[in-house]
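What follows is the content of upload_31.tsv (TSV, C-alpha atoms).
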chain	number	residue	atom	x	y	z
D	1	MET	CA	37.24	-49.63	-43.67
D	2	ARG	CA	36.98	-48.89	-39.98
D	3	THR	CA	34.33	-50.59	-37.91
D	4	PRO	CA	31.96	-47.87	-36.56
D	5	ARG	CA	31.43	-47.55	-32.82
D	6	ARG	CA	27.84	-46.47	-32.24
D	7	SER	CA	27.13	-44.03	-29.45
D	8	GLY	CA	23.33	-43.89	-29.73
D	9	PRO	CA	21.10	-40.79	-30.32
D	10	PHE	CA	22.74	-37.51	-29.44
D	11	GLY	CA	20.15	-34.82	-30.22
D	12	VAL	CA	19.29	-35.26	-33.92
D	13	GLY	CA	17.16	-38.42	-33.61
D	14	ALA	CA	17.85	-42.13	-34.11
D	15	LYS	CA	17.16	-42.03	-37.85
D	16	LEU	CA	19.54	-39.14	-38.33
D	17	ASP	CA	22.20	-41.07	-36.37
D	18	LYS	CA	21.93	-44.01	-38.78
D	19	LEU	CA	21.94	-41.69	-41.77
D	20	VAL	CA	25.01	-39.82	-40.55
D	21	GLU	CA	26.78	-43.09	-39.77
D	22	HIS	CA	26.09	-44.37	-43.27
D	23	ILE	CA	27.20	-41.07	-44.79
D	24	GLY	CA	30.39	-41.25	-42.75
D	25	ARG	CA	31.22	-44.64	-44.22
D	26	GLN	CA	30.47	-43.33	-47.71
D	27	LEU	CA	32.72	-40.32	-47.15
D	28	GLU	CA	35.53	-42.48	-45.79
D	29	SER	CA	35.24	-44.95	-48.63
D	30	ALA	CA	35.19	-42.18	-51.23
D	31	ALA	CA	38.19	-40.49	-49.68
D	32	GLU	CA	40.26	-43.67	-49.44
D	33	GLU	CA	39.39	-45.06	-52.88
D	34	GLY	CA	39.64	-41.69	-54.66
D	35	LYS	CA	36.34	-42.09	-56.42
D	36	SER	CA	35.09	-39.03	-58.26
D	37	GLY	CA	31.35	-39.55	-57.73
D	38	LEU	CA	28.82	-40.85	-55.25
D	39	SER	CA	26.14	-43.47	-55.58
D	40	GLU	CA	22.51	-42.69	-56.17
D	41	SER	CA	21.85	-43.61	-52.52
D	42	TRP	CA	24.48	-41.15	-51.40
D	43	SER	CA	22.90	-38.38	-53.51
D	44	GLU	CA	19.57	-38.93	-51.80
D	45	GLU	CA	21.20	-38.90	-48.38
D	46	GLN	CA	23.12	-35.75	-49.27
D	47	ALA	CA	19.88	-34.04	-50.30
D	48	ILE	CA	18.32	-34.95	-46.97
D	49	LEU	CA	21.32	-33.60	-45.08
D	50	GLU	CA	21.29	-30.39	-47.08
D	51	ALA	CA	17.65	-29.89	-46.05
D	52	ILE	CA	18.61	-30.13	-42.37
D	53	PRO	CA	19.27	-26.64	-40.91
D	54	ASP	CA	22.27	-27.90	-38.91
D	55	TYR	CA	25.82	-28.39	-40.14
D	56	ILE	CA	27.32	-31.87	-39.63
D	57	PHE	CA	31.12	-32.27	-39.36
D	58	ARG	CA	33.28	-35.34	-39.02
D	59	ILE	CA	36.40	-34.45	-37.02
D	60	ARG	CA	39.58	-36.52	-36.68
D	61	ARG	CA	42.16	-36.24	-33.95
D	62	ASP	CA	44.81	-35.20	-36.53
D	63	GLY	CA	42.85	-32.03	-37.31
D	64	SER	CA	41.21	-33.02	-40.57
D	65	VAL	CA	37.54	-32.22	-40.99
D	66	SER	CA	34.92	-33.38	-43.49
D	67	VAL	CA	31.42	-32.02	-44.06
D	68	ALA	CA	28.30	-34.15	-44.46
D	69	GLY	CA	25.77	-32.69	-46.90
D	70	GLY	CA	28.06	-29.82	-47.84
D	71	GLY	CA	29.13	-31.17	-51.20
D	72	THR	CA	32.53	-32.54	-50.10
D	73	ARG	CA	33.96	-36.00	-50.78
D	74	ARG	CA	37.12	-35.89	-48.74
D	75	PHE	CA	38.48	-34.85	-45.41
D	76	LEU	CA	39.68	-31.30	-45.05
D	77	PRO	CA	43.08	-30.61	-43.61
D	78	ALA	CA	43.01	-27.88	-40.99
D	79	ASN	CA	42.90	-24.34	-42.43
D	80	ASP	CA	42.21	-25.62	-45.97
D	81	PRO	CA	39.22	-24.12	-47.79
D	82	VAL	CA	36.12	-26.29	-48.04
D	83	PRO	CA	35.95	-27.85	-51.52
D	84	VAL	CA	32.67	-27.75	-53.42
D	85	LYS	CA	31.25	-29.93	-56.18
D	86	SER	CA	33.43	-29.86	-59.28
D	87	GLY	CA	32.10	-27.81	-62.12
D	88	LEU	CA	30.06	-25.45	-59.86
D	89	ASN	CA	30.11	-21.96	-61.37
D	90	ALA	CA	29.10	-19.54	-58.60
D	91	ALA	CA	28.74	-16.62	-60.95
D	92	ALA	CA	26.57	-18.47	-63.40
D	93	LYS	CA	23.71	-19.52	-61.15
D	94	PRO	CA	21.14	-17.49	-59.17
D	95	GLY	CA	21.74	-17.61	-55.43
D	96	SER	CA	25.42	-18.38	-55.86
D	97	GLU	CA	26.41	-15.41	-53.65
D	98	LEU	CA	24.30	-16.79	-50.79
D	99	LYS	CA	25.80	-20.24	-51.29
D	100	THR	CA	29.31	-18.74	-51.33
D	101	ARG	CA	28.63	-17.06	-47.99
D	102	SER	CA	27.28	-20.34	-46.64
D	103	GLN	CA	30.39	-22.14	-47.83
D	104	ASP	CA	32.51	-19.46	-46.17
D	105	ILE	CA	30.71	-20.10	-42.88
D	106	VAL	CA	31.24	-23.84	-43.25
D	107	SER	CA	34.90	-23.29	-43.99
D	108	ARG	CA	35.39	-21.06	-40.96
D	109	LEU	CA	33.52	-23.49	-38.74
D	110	ALA	CA	35.67	-26.33	-40.07
D	111	GLU	CA	38.85	-24.35	-39.34
D	112	GLU	CA	37.72	-23.62	-35.80
D	113	LEU	CA	36.77	-27.22	-35.18
D	114	ALA	CA	40.09	-28.40	-36.64
D	115	ARG	CA	41.97	-26.23	-34.12
D	116	ARG	CA	40.04	-27.92	-31.32
D	117	SER	CA	40.12	-31.43	-32.83
D	118	ARG	CA	42.79	-33.04	-30.66
D	119	GLN	CA	41.29	-31.86	-27.34
D	120	LEU	CA	37.71	-32.43	-28.51
D	121	VAL	CA	38.27	-36.05	-29.67
D	122	ALA	CA	40.30	-36.88	-26.56
D	123	LYS	CA	37.61	-35.51	-24.24
D	124	ALA	CA	34.80	-37.30	-26.04
D	125	GLU	CA	36.60	-40.64	-25.98
D	126	GLU	CA	37.63	-40.20	-22.34
D	127	THR	CA	34.16	-39.39	-21.03
D	128	GLY	CA	32.00	-41.22	-23.57
D	129	LYS	CA	29.58	-38.29	-23.31
D	130	VAL	CA	28.34	-35.70	-25.79
D	131	GLN	CA	30.59	-32.62	-25.70
D	132	THR	CA	28.67	-29.34	-25.90
D	133	PHE	CA	30.18	-25.87	-26.39
D	134	ASP	CA	29.63	-22.62	-28.27
D	135	LEU	CA	31.54	-21.00	-31.11
D	136	GLN	CA	31.42	-17.32	-32.03
D	137	LEU	CA	32.31	-16.04	-35.49
D	138	ASN	CA	32.31	-12.47	-36.73
D	139	GLN	CA	30.45	-12.07	-40.00
D	140	ALA	CA	29.92	-8.68	-41.64
D	141	GLY	CA	30.28	-6.91	-38.31
D	142	ARG	CA	27.85	-9.21	-36.54
D	143	THR	CA	28.79	-11.90	-34.06
D	144	LYS	CA	27.27	-15.24	-35.04
D	145	HIS	CA	26.75	-17.87	-32.37
D	146	TYR	CA	26.90	-21.62	-33.02
D	147	GLU	CA	26.14	-24.45	-30.64
D	148	VAL	CA	28.32	-27.55	-31.12
D	149	ARG	CA	27.32	-31.02	-29.94
D	150	ALA	CA	30.01	-33.65	-30.60
D	151	ALA	CA	29.92	-37.43	-29.91
D	152	VAL	CA	32.34	-40.30	-30.59
D	153	PHE	CA	31.82	-41.70	-34.10
D	154	TYR	CA	34.91	-43.86	-34.78
D	155	ARG	CA	38.14	-44.33	-32.97
D	156	ASN	CA	40.08	-41.03	-33.03
D	157	GLU	CA	37.16	-39.13	-34.51
D	158	VAL	CA	33.85	-37.53	-33.55
D	159	LEU	CA	30.74	-36.41	-35.37
D	160	ALA	CA	29.66	-32.85	-34.55
D	161	VAL	CA	26.27	-31.21	-35.16
D	162	VAL	CA	26.58	-27.42	-35.36
D	163	ARG	CA	23.48	-25.26	-35.08
D	164	ASP	CA	23.17	-21.52	-35.65
D	165	VAL	CA	21.78	-20.20	-32.32
D	166	THR	CA	22.48	-16.53	-33.04
D	167	ALA	CA	18.81	-15.50	-32.75
D	168	ARG	CA	18.50	-17.35	-29.46
D	169	ARG	CA	21.70	-15.88	-28.02
D	170	GLU	CA	20.75	-12.38	-29.16
D	171	ALA	CA	17.31	-12.84	-27.60
D	172	GLU	CA	18.98	-14.03	-24.39
D	173	ALA	CA	21.31	-11.03	-24.48
D	174	ASP	CA	18.34	-8.74	-25.05
D	175	LEU	CA	16.60	-10.35	-22.08
D	176	VAL	CA	19.70	-9.80	-19.95
D	177	LYS	CA	19.84	-6.16	-21.03
D	178	LEU	CA	16.12	-5.80	-20.39
D	179	LYS	CA	16.55	-7.40	-16.96
D	180	GLU	CA	19.45	-5.06	-16.18
D	181	GLU	CA	17.42	-2.08	-17.38
D	182	LEU	CA	14.44	-3.15	-15.27
D	183	GLU	CA	16.72	-3.66	-12.26
D	184	ARG	CA	18.23	-0.22	-12.86
D	185	LYS	CA	14.79	1.37	-13.05
D	186	VAL	CA	13.64	-0.55	-9.99
D	187	GLN	CA	16.74	0.66	-8.15
D	188	GLU	CA	16.09	4.22	-9.28
D	189	GLN	CA	12.49	3.96	-8.11
D	190	ALA	CA	13.68	2.41	-4.85
D	191	ASN	CA	16.07	5.33	-4.39
D	192	GLU	CA	13.26	7.77	-5.14
D	193	LEU	CA	11.00	5.95	-2.69
D	194	ASN	CA	13.73	6.10	-0.06
D	195	GLN	CA	14.09	9.82	-0.66
D	196	LEU	CA	10.32	10.25	-0.44
D	197	LYS	CA	10.33	8.14	2.70
D	198	GLU	CA	12.98	10.38	4.24
D	199	VAL	CA	10.98	13.47	3.26
D	200	PHE	CA	7.80	11.88	4.60
D	201	GLN	CA	9.50	10.91	7.85
D	202	GLY	CA	10.80	14.45	8.13
D	203	GLN	CA	7.28	15.78	7.58
D	204	VAL	CA	5.90	13.33	10.13
D	205	THR	CA	8.51	14.46	12.65
D	206	LEU	CA	7.73	18.10	11.91
D	207	LEU	CA	3.98	17.47	12.21
D	208	ALA	CA	4.55	15.61	15.47
D	209	GLU	CA	6.52	18.56	16.81
D	210	GLU	CA	3.82	20.97	15.64
D	211	GLU	CA	1.15	18.73	17.15
D	212	GLU	CA	3.03	18.73	20.45
D	213	VAL	CA	3.23	22.52	20.36
D	214	LEU	CA	-0.50	22.71	19.60
D	215	ARG	CA	-1.24	20.24	22.39
D	216	ARG	CA	0.71	22.31	24.86
D	217	ASN	CA	-0.97	25.51	23.68
D	218	PHE	CA	-4.37	23.85	23.88
D	219	ALA	CA	-3.58	22.64	27.39
D	220	LYS	CA	-2.62	26.20	28.33
D	221	MET	CA	-5.87	27.50	26.84
D	222	GLU	CA	-7.81	24.85	28.72
D	223	ARG	CA	-6.13	25.86	31.97
D	224	LEU	CA	-6.81	29.51	31.16
D	225	LEU	CA	-10.46	28.70	30.46
D	226	GLU	CA	-10.76	26.74	33.69
D	227	ASP	CA	-9.16	29.61	35.58
D	228	THR	CA	-11.54	32.06	33.92
D	229	ILE	CA	-14.57	29.93	34.78
D	230	GLY	CA	-13.25	29.56	38.32
D	231	ALA	CA	-12.85	33.33	38.62
D	232	ILE	CA	-16.37	33.90	37.29
D	233	THR	CA	-17.75	31.32	39.72
D	234	THR	CA	-16.01	33.09	42.57
D	235	ILE	CA	-17.59	36.40	41.52
D	236	VAL	CA	-21.03	34.80	41.39
D	237	GLN	CA	-20.47	33.08	44.74
D	238	ARG	CA	-19.56	36.42	46.35
D	239	LYS	CA	-22.78	37.89	45.01
D	240	ASP	CA	-25.03	34.87	45.63
D	241	PRO	CA	-23.64	31.71	47.31
D	242	TYR	CA	-26.81	29.78	46.45
D	243	THR	CA	-26.38	30.49	42.72
D	244	ALA	CA	-22.69	29.50	42.69
D	245	GLY	CA	-23.34	26.14	44.38
D	246	HIS	CA	-26.34	25.58	42.12
D	247	GLN	CA	-24.23	25.97	38.94
D	248	GLN	CA	-21.64	23.47	40.17
D	249	ARG	CA	-24.28	20.87	41.09
D	250	VAL	CA	-26.16	21.35	37.80
D	251	SER	CA	-22.84	20.77	36.02
D	252	GLN	CA	-22.33	17.48	37.89
D	253	LEU	CA	-25.79	16.18	37.02
D	254	ALA	CA	-25.79	17.48	33.41
D	255	CYS	CA	-22.47	15.72	32.71
D	256	ALA	CA	-23.82	12.48	34.21
D	257	ILE	CA	-26.90	12.71	31.97
D	258	ALA	CA	-24.75	13.42	28.89
D	259	ARG	CA	-22.55	10.40	29.59
D	260	GLU	CA	-25.61	8.19	30.05
D	261	MET	CA	-26.96	9.44	26.69
D	262	GLY	CA	-23.68	8.42	25.00
D	263	LEU	CA	-22.43	11.88	24.07
D	264	ASN	CA	-18.78	12.14	23.09
D	265	SER	CA	-16.09	13.74	25.23
D	266	GLU	CA	-16.22	17.08	23.41
D	267	GLN	CA	-20.01	17.34	23.83
D	268	ILE	CA	-19.68	16.49	27.53
D	269	ARG	CA	-17.01	19.18	27.86
D	270	VAL	CA	-19.38	21.74	26.32
D	271	VAL	CA	-22.17	20.65	28.68
D	272	ARG	CA	-19.85	21.04	31.67
D	273	ILE	CA	-18.67	24.54	30.73
D	274	ALA	CA	-22.13	25.80	29.77
D	275	SER	CA	-23.74	24.48	32.95
D	276	LEU	CA	-21.03	26.07	35.11
D	277	LEU	CA	-21.90	29.44	33.51
D	278	HIS	CA	-25.64	29.11	32.94
D	279	ASP	CA	-26.68	31.52	35.74
D	280	LEU	CA	-23.82	34.00	35.32
D	281	GLY	CA	-26.29	36.74	34.37
D	282	LYS	CA	-27.74	36.70	37.90
D	283	VAL	CA	-24.81	38.84	39.08
D	284	PHE	CA	-26.75	41.78	37.58
D	285	ILE	CA	-29.83	41.05	39.69
D	286	PRO	CA	-29.94	42.84	43.07
D	287	ALA	CA	-28.86	40.53	45.91
D	288	GLU	CA	-31.98	41.35	47.92
D	289	ILE	CA	-34.15	39.89	45.15
D	290	LEU	CA	-32.03	36.73	44.84
D	291	ALA	CA	-32.10	36.21	48.63
D	292	LYS	CA	-35.71	37.32	49.18
D	293	PRO	CA	-37.44	34.77	51.47
D	294	GLY	CA	-40.96	35.31	50.14
D	295	ARG	CA	-42.69	35.16	46.78
D	296	LEU	CA	-41.24	37.47	44.10
D	297	SER	CA	-43.36	40.22	42.58
D	298	LYS	CA	-44.00	40.30	38.84
D	299	VAL	CA	-41.35	42.97	38.40
D	300	GLU	CA	-38.85	41.03	40.47
D	301	TYR	CA	-39.61	37.79	38.64
D	302	SER	CA	-39.23	39.63	35.34
D	303	MET	CA	-35.78	40.76	36.45
D	304	VAL	CA	-34.85	37.16	37.35
D	305	LYS	CA	-36.08	35.95	33.93
D	306	SER	CA	-33.75	38.43	32.23
D	307	HIS	CA	-30.63	36.60	33.38
D	308	PRO	CA	-30.33	34.36	30.22
D	309	ASP	CA	-30.02	37.52	28.11
D	310	ALA	CA	-27.40	38.88	30.50
D	311	ASP	CA	-25.59	35.51	30.29
D	312	TYR	CA	-25.55	35.77	26.49
D	313	GLN	CA	-24.30	39.35	26.41
D	314	ILE	CA	-21.35	38.41	28.63
D	315	LEU	CA	-20.41	35.07	27.05
D	316	LYS	CA	-20.77	36.04	23.38
D	317	GLN	CA	-17.66	38.23	23.81
D	318	ILE	CA	-15.58	35.14	24.59
D	319	ASP	CA	-14.34	32.83	21.82
D	320	PHE	CA	-15.07	29.37	23.27
D	321	SER	CA	-14.70	27.65	19.85
D	322	CYS	CA	-18.20	26.23	20.47
D	323	ASP	CA	-21.78	27.50	21.05
D	324	ILE	CA	-21.46	28.13	24.79
D	325	ALA	CA	-23.20	31.52	24.65
D	326	ASP	CA	-26.19	30.15	22.69
D	327	ILE	CA	-26.50	27.05	24.90
D	328	VAL	CA	-26.51	29.13	28.08
D	329	HIS	CA	-29.00	31.51	26.48
D	330	GLN	CA	-31.42	28.59	25.85
D	331	HIS	CA	-31.32	26.70	29.15
D	332	HIS	CA	-34.83	27.98	30.15
D	333	GLU	CA	-36.41	27.18	26.76
D	334	ARG	CA	-38.98	24.36	26.60
D	335	LEU	CA	-39.89	21.91	23.82
D	336	ASP	CA	-43.43	23.30	23.43
D	337	GLY	CA	-42.22	26.91	23.15
D	338	SER	CA	-43.45	27.91	26.61
D	339	GLY	CA	-39.95	28.73	27.86
D	340	TYR	CA	-37.97	31.97	27.76
D	341	PRO	CA	-36.38	34.23	26.62
D	342	SER	CA	-37.05	33.38	22.93
D	343	GLY	CA	-39.87	30.82	23.07
D	344	LEU	CA	-37.89	28.28	21.00
D	345	LYS	CA	-39.35	24.85	20.25
D	346	GLY	CA	-38.05	21.31	19.74
D	347	ASP	CA	-34.82	20.88	17.80
D	348	ALA	CA	-34.35	24.66	17.57
D	349	ILE	CA	-32.99	24.28	21.11
D	350	HIS	CA	-29.42	22.93	21.38
D	351	LEU	CA	-29.25	19.38	22.74
D	352	GLU	CA	-26.78	20.56	25.40
D	353	ALA	CA	-29.28	23.23	26.48
D	354	ARG	CA	-32.05	20.63	26.72
D	355	ILE	CA	-29.82	18.48	28.96
D	356	ILE	CA	-28.95	21.45	31.20
D	357	ALA	CA	-32.66	22.34	31.43
D	358	VAL	CA	-33.48	18.93	32.96
D	359	ALA	CA	-30.51	19.08	35.35
D	360	ASP	CA	-31.39	22.67	36.32
D	361	VAL	CA	-34.99	21.79	37.25
D	362	VAL	CA	-33.98	18.68	39.24
D	363	GLU	CA	-31.20	20.44	41.18
D	364	ALA	CA	-33.50	23.43	41.97
D	365	MET	CA	-36.22	21.13	43.37
D	366	VAL	CA	-33.92	18.99	45.54
D	367	SER	CA	-32.18	22.05	47.02
D	368	SER	CA	-33.52	24.62	49.46
D	369	ARG	CA	-33.83	28.30	48.51
D	370	PRO	CA	-34.36	31.40	50.68
D	371	HIS	CA	-37.96	31.66	49.49
D	372	ARG	CA	-38.87	27.93	49.75
D	373	PRO	CA	-37.78	24.56	51.15
D	374	ALA	CA	-36.55	21.66	49.02
D	375	SER	CA	-39.25	19.58	47.30
D	376	GLY	CA	-37.21	16.35	47.32
D	377	LEU	CA	-35.94	13.91	44.69
D	378	ASP	CA	-39.25	12.10	44.20
D	379	ALA	CA	-41.04	15.37	43.38
D	380	ALA	CA	-38.23	16.33	41.02
D	381	MET	CA	-38.48	12.95	39.20
D	382	LYS	CA	-42.25	13.34	38.93
D	383	GLU	CA	-41.86	16.84	37.51
D	384	ILE	CA	-39.58	15.80	34.66
D	385	GLU	CA	-41.56	12.60	33.98
D	386	ASP	CA	-44.79	14.60	33.71
D	387	GLY	CA	-43.11	17.12	31.37
D	388	LYS	CA	-41.30	14.48	29.28
D	389	GLY	CA	-41.73	15.18	25.58
D	390	LYS	CA	-43.71	18.37	26.24
D	391	LEU	CA	-41.36	20.53	28.25
D	392	TYR	CA	-38.23	18.40	28.55
D	393	ASP	CA	-36.20	16.30	26.13
D	394	PRO	CA	-37.34	12.64	26.46
D	395	ALA	CA	-33.84	11.15	26.16
D	396	ALA	CA	-32.47	13.57	28.76
D	397	VAL	CA	-35.35	12.75	31.14
D	398	ASP	CA	-34.82	8.98	30.77
D	399	ALA	CA	-31.09	9.35	31.31
D	400	CYS	CA	-31.59	11.55	34.38
D	401	ILE	CA	-34.00	9.09	36.00
D	402	LYS	CA	-31.61	6.23	35.24
D	403	VAL	CA	-28.54	7.89	36.78
D	404	PHE	CA	-30.50	8.48	40.01
D	405	ARG	CA	-32.47	5.24	40.28
D	406	GLU	CA	-29.93	2.80	38.78
D	407	GLY	CA	-26.66	4.70	38.97
D	408	GLY	CA	-27.09	5.98	42.52
D	409	PHE	CA	-26.12	9.51	41.52
D	410	LYS	CA	-25.42	11.95	44.37
D	411	PHE	CA	-24.32	15.57	44.25
D	412	GLU	CA	-20.75	16.10	45.38
D	413	VAL	CA	-20.01	18.52	48.22
D	414	GLN	CA	-18.21	21.63	46.92
D	415	GLY	CA	-15.80	23.59	49.10
D	416	GLY	CA	-17.64	23.86	52.36
D	417	GLU	CA	-21.14	23.89	50.83
D	418	SER	CA	-23.76	21.20	51.14
D	419	GLY	CA	-25.85	19.88	48.28

Please render this file's structure as structure tokens.
Amino acid sequence: MRTPRRSGPFGVGAKLDKLVEHIGRQLESAAEEGKSGLSESWSEEQAILEAIPDYIFRIRRDGSVSVAGGGTRRFLPANDPVPVKSGLNAAAKPGSELKTRSQDIVSRLAEELARRSRQLVAKAEETGKVQTFDLQLNQAGRTKHYEVRAAVFYRNEVLAVVRDVTARREAEADLVKLKEELERKVQEQANELNQLKEVFQGQVTLLAEEEEVLRRNFAKMERLLEDTIGAITTIVQRKDPYTAGHQQRVSQLACAIAREMGLNSEQIRVVRIASLLHDLGKVFIPAEILAKPGRLSKVEYSMVKSHPDADYQILKQIDFSCDIADIVHQHHERLDGSGYPSGLKGDAIHLEARIIAVADVVEAMVSSRPHRPASGLDAAMKEIEDGKGKLYDPAAVDACIKVFREGGFKFEVQGGESG
């Protein structure tokens, strides 16, 4: 009887270690003495081992293998079939086919372990550590996976616990496949996103090019509009120099008021264009009336009051992309409806027109005319303050007063003319 060399727990628990060690001694004793049966204690231990889901093998360096709990009483030479209890009739008992398959698995595992016995025992004894590796067996077209954990049991032999880990390995393989499939789909989506990105970048480039073309065209239109306004101003100046200078100065003041009121750049642009054209209709009034030094007659004044309609008839033919014609048409309207030509009230008058109305009155009063001298800035401020909320837009009046009194606004000199 060999003296056992204990290696401690190796994955099946301390109690199982003691049980396996005891079973090993029983197996060895039975094999050496040639006994045909086992003790009552051994039967109990065998029943416990049979209830354990793992297979337990005792492997010698010479290649012989014995099975604990598998019904064997002796070591198995390599490649020999696993013996079963004598008198067992597989065909006579229910479940014998399942047991036969189980015995076949045990036999094949024993054969595989026997082939590895020399190297396995040598490695375990050399390192003193549990040796762990996998075995794969083909059964009915399916690969079965077994995890083997072997530790030194006696000199020149090890005890191996073999567990069926097929479900775990298949689950791991499924996870790997799933991971690969997810990675493939992610890569496909990444490729699609890259393609979409390239298309998007192409569209962005195309839009940028189109935007640049539009910007250039808009700049050309702006220059054309400026040239057109300049040409119109020249025509008006030839007919009435006072009117031409008046429009330019009203434009300066109206834009200053609009900025003070917080209007955006597009609104200020509309104010500037409309104020530069607000007296265009005066080109149809006889020059002698416009330059008359004395008071105008009712007929003459009626002719002067018709210029907003003339403005509208000229400007409505031009596509300004904004309400220039309507704004110019309304620059003599008043909040209380006392203005002309339509007698509009309050918000029915464009905000830009209400701003130009204030600038128009102030510029007219601070400038001299053939029929009267200038009234001065103080008189002009008093006029719009007195008419605030009744005739003139309150916000425009406040802004106008502020740009003069706090902003120090002054009319700019235009091309040889004085303000």

Within 7 Å of D:Lys282 using only C-alpha atoms, minus same-chain residues under 3 positions, as a ChimeraX atom specification: /D:279,285,307

Please, what is the axis-aligned box for every listed atom of stretch 194-211 of chain D with 4 Å on each side, as centre and edge lengths in Å to one decimal, as lines of an AutoDock Vina configuration file?
center_x = 7.6
center_y = 13.5
center_z = 8.2
size_x = 20.9
size_y = 22.9
size_z = 25.8

Just want the 12 Å neighbourhood of D:Lys123, counted on all atoms listed in the file, with same-chain residues fewer than 4 positions away dropped. Output as an NGL selection string. :D and (61 or 116-119 or 127-132 or 150-152 or 156-158)

In Å, with one decimal, what is the gap from atom CA of D:Ile257 to atom CA of D:His332?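 Pair atom CA of D:Ile257 / atom CA of D:His332 returns 17.3 Å.
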
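As for atom CA of D:Leu178 and atom CA of D:Glu147, they are spaced 23.5 Å apart.
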
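If you look at atom CA of D:Asp134 and atom CA of D:Glu181, they are 26.3 Å away from each other.
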
Residue nearest D:Ser275 among D:Lys388, D:Arg216, D:Arg354, D:Lys292 (counting all atoms listed in the file): D:Arg354

Might you pull out every residue within 12 Å of D:Ala380, with all atoms listed in the file counted and same-chain residues fewer than 3 positions away left off, and present them as an NGL selection string? :D and (358-367 or 374-377 or 383-387 or 397 or 400-401 or 404)

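Every protein, DNA or RNA residue with an atom at most 10 Å from D:Tyr146, where all atoms listed in the file count and chain neighbours fewer than 6 positions away do not, is listed here: Asp54, Tyr55, Leu109, Phe133, Asp134, Leu135, Gln136, Leu137, Val161, Val162, Arg163, Asp164, Val165, Thr166 and Arg169 of chain D.
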
Which residue, D:Arg238, D:Arg334, D:Glu352, D:Ser251, has the smallest gap to D:Asn264 when you use all atoms listed in the file?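 Between D:Arg238, D:Arg334, D:Glu352, D:Ser251, the residue approaching D:Asn264 most closely is D:Glu352.
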
Near stretch 341-349 of chain D, counting only C-alpha atoms, which residues have an atom at most 12 Å away, once you skip same-chain residues fewer than 3 positions from it, shown as a ChimeraX atom specification? /D:302-312,323,326-338,352-357,389-394

Output C-alpha atoms for every residue in the selection just made, as a PDB file, in the coordinates of the input.
ATOM      1  CA  SER D 302     -39.230  39.630  35.340  1.00  0.00           C
ATOM      2  CA  MET D 303     -35.780  40.760  36.450  1.00  0.00           C
ATOM      3  CA  VAL D 304     -34.850  37.160  37.350  1.00  0.00           C
ATOM      4  CA  LYS D 305     -36.080  35.950  33.930  1.00  0.00           C
ATOM      5  CA  SER D 306     -33.750  38.430  32.230  1.00  0.00           C
ATOM      6  CA  HIS D 307     -30.630  36.600  33.380  1.00  0.00           C
ATOM      7  CA  PRO D 308     -30.330  34.360  30.220  1.00  0.00           C
ATOM      8  CA  ASP D 309     -30.020  37.520  28.110  1.00  0.00           C
ATOM      9  CA  ALA D 310     -27.400  38.880  30.500  1.00  0.00           C
ATOM     10  CA  ASP D 311     -25.590  35.510  30.290  1.00  0.00           C
ATOM     11  CA  TYR D 312     -25.550  35.770  26.490  1.00  0.00           C
ATOM     12  CA  ASP D 323     -21.780  27.500  21.050  1.00  0.00           C
ATOM     13  CA  ASP D 326     -26.190  30.150  22.690  1.00  0.00           C
ATOM     14  CA  ILE D 327     -26.500  27.050  24.900  1.00  0.00           C
ATOM     15  CA  VAL D 328     -26.510  29.130  28.080  1.00  0.00           C
ATOM     16  CA  HIS D 329     -29.000  31.510  26.480  1.00  0.00           C
ATOM     17  CA  GLN D 330     -31.420  28.590  25.850  1.00  0.00           C
ATOM     18  CA  HIS D 331     -31.320  26.700  29.150  1.00  0.00           C
ATOM     19  CA  HIS D 332     -34.830  27.980  30.150  1.00  0.00           C
ATOM     20  CA  GLU D 333     -36.410  27.180  26.760  1.00  0.00           C
ATOM     21  CA  ARG D 334     -38.980  24.360  26.600  1.00  0.00           C
ATOM     22  CA  LEU D 335     -39.890  21.910  23.820  1.00  0.00           C
ATOM     23  CA  ASP D 336     -43.430  23.300  23.430  1.00  0.00           C
ATOM     24  CA  GLY D 337     -42.220  26.910  23.150  1.00  0.00           C
ATOM     25  CA  SER D 338     -43.450  27.910  26.610  1.00  0.00           C
ATOM     26  CA  GLU D 352     -26.780  20.560  25.400  1.00  0.00           C
ATOM     27  CA  ALA D 353     -29.280  23.230  26.480  1.00  0.00           C
ATOM     28  CA  ARG D 354     -32.050  20.630  26.720  1.00  0.00           C
ATOM     29  CA  ILE D 355     -29.820  18.480  28.960  1.00  0.00           C
ATOM     30  CA  ILE D 356     -28.950  21.450  31.200  1.00  0.00           C
ATOM     31  CA  ALA D 357     -32.660  22.340  31.430  1.00  0.00           C
ATOM     32  CA  GLY D 389     -41.730  15.180  25.580  1.00  0.00           C
ATOM     33  CA  LYS D 390     -43.710  18.370  26.240  1.00  0.00           C
ATOM     34  CA  LEU D 391     -41.360  20.530  28.250  1.00  0.00           C
ATOM     35  CA  TYR D 392     -38.230  18.400  28.550  1.00  0.00           C
ATOM     36  CA  ASP D 393     -36.200  16.300  26.130  1.00  0.00           C
ATOM     37  CA  PRO D 394     -37.340  12.640  26.460  1.00  0.00           C
TER      38      PRO D 394
END

I need the residue nearest D:Pro373 from this list: D:Gly294, D:Lys410, D:Ile232, D:Asp62. Use all atoms listed in the file for the distance.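 Of all the options, D:Gly294 lies closest to D:Pro373.
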
Out of D:Ile235, D:Ala140, D:Leu315, D:Leu253, which residue has the shortest atom-to-atom distance to D:Gly408 when counting all atoms listed in the file?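 Among the listed residues, D:Leu253 lies closest to D:Gly408.
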
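If all atoms listed in the file are the atoms counted, then among D:Gln252, D:Ser368, D:Gln313, D:Gln189 the closest residue to D:Phe411 is D:Gln252.
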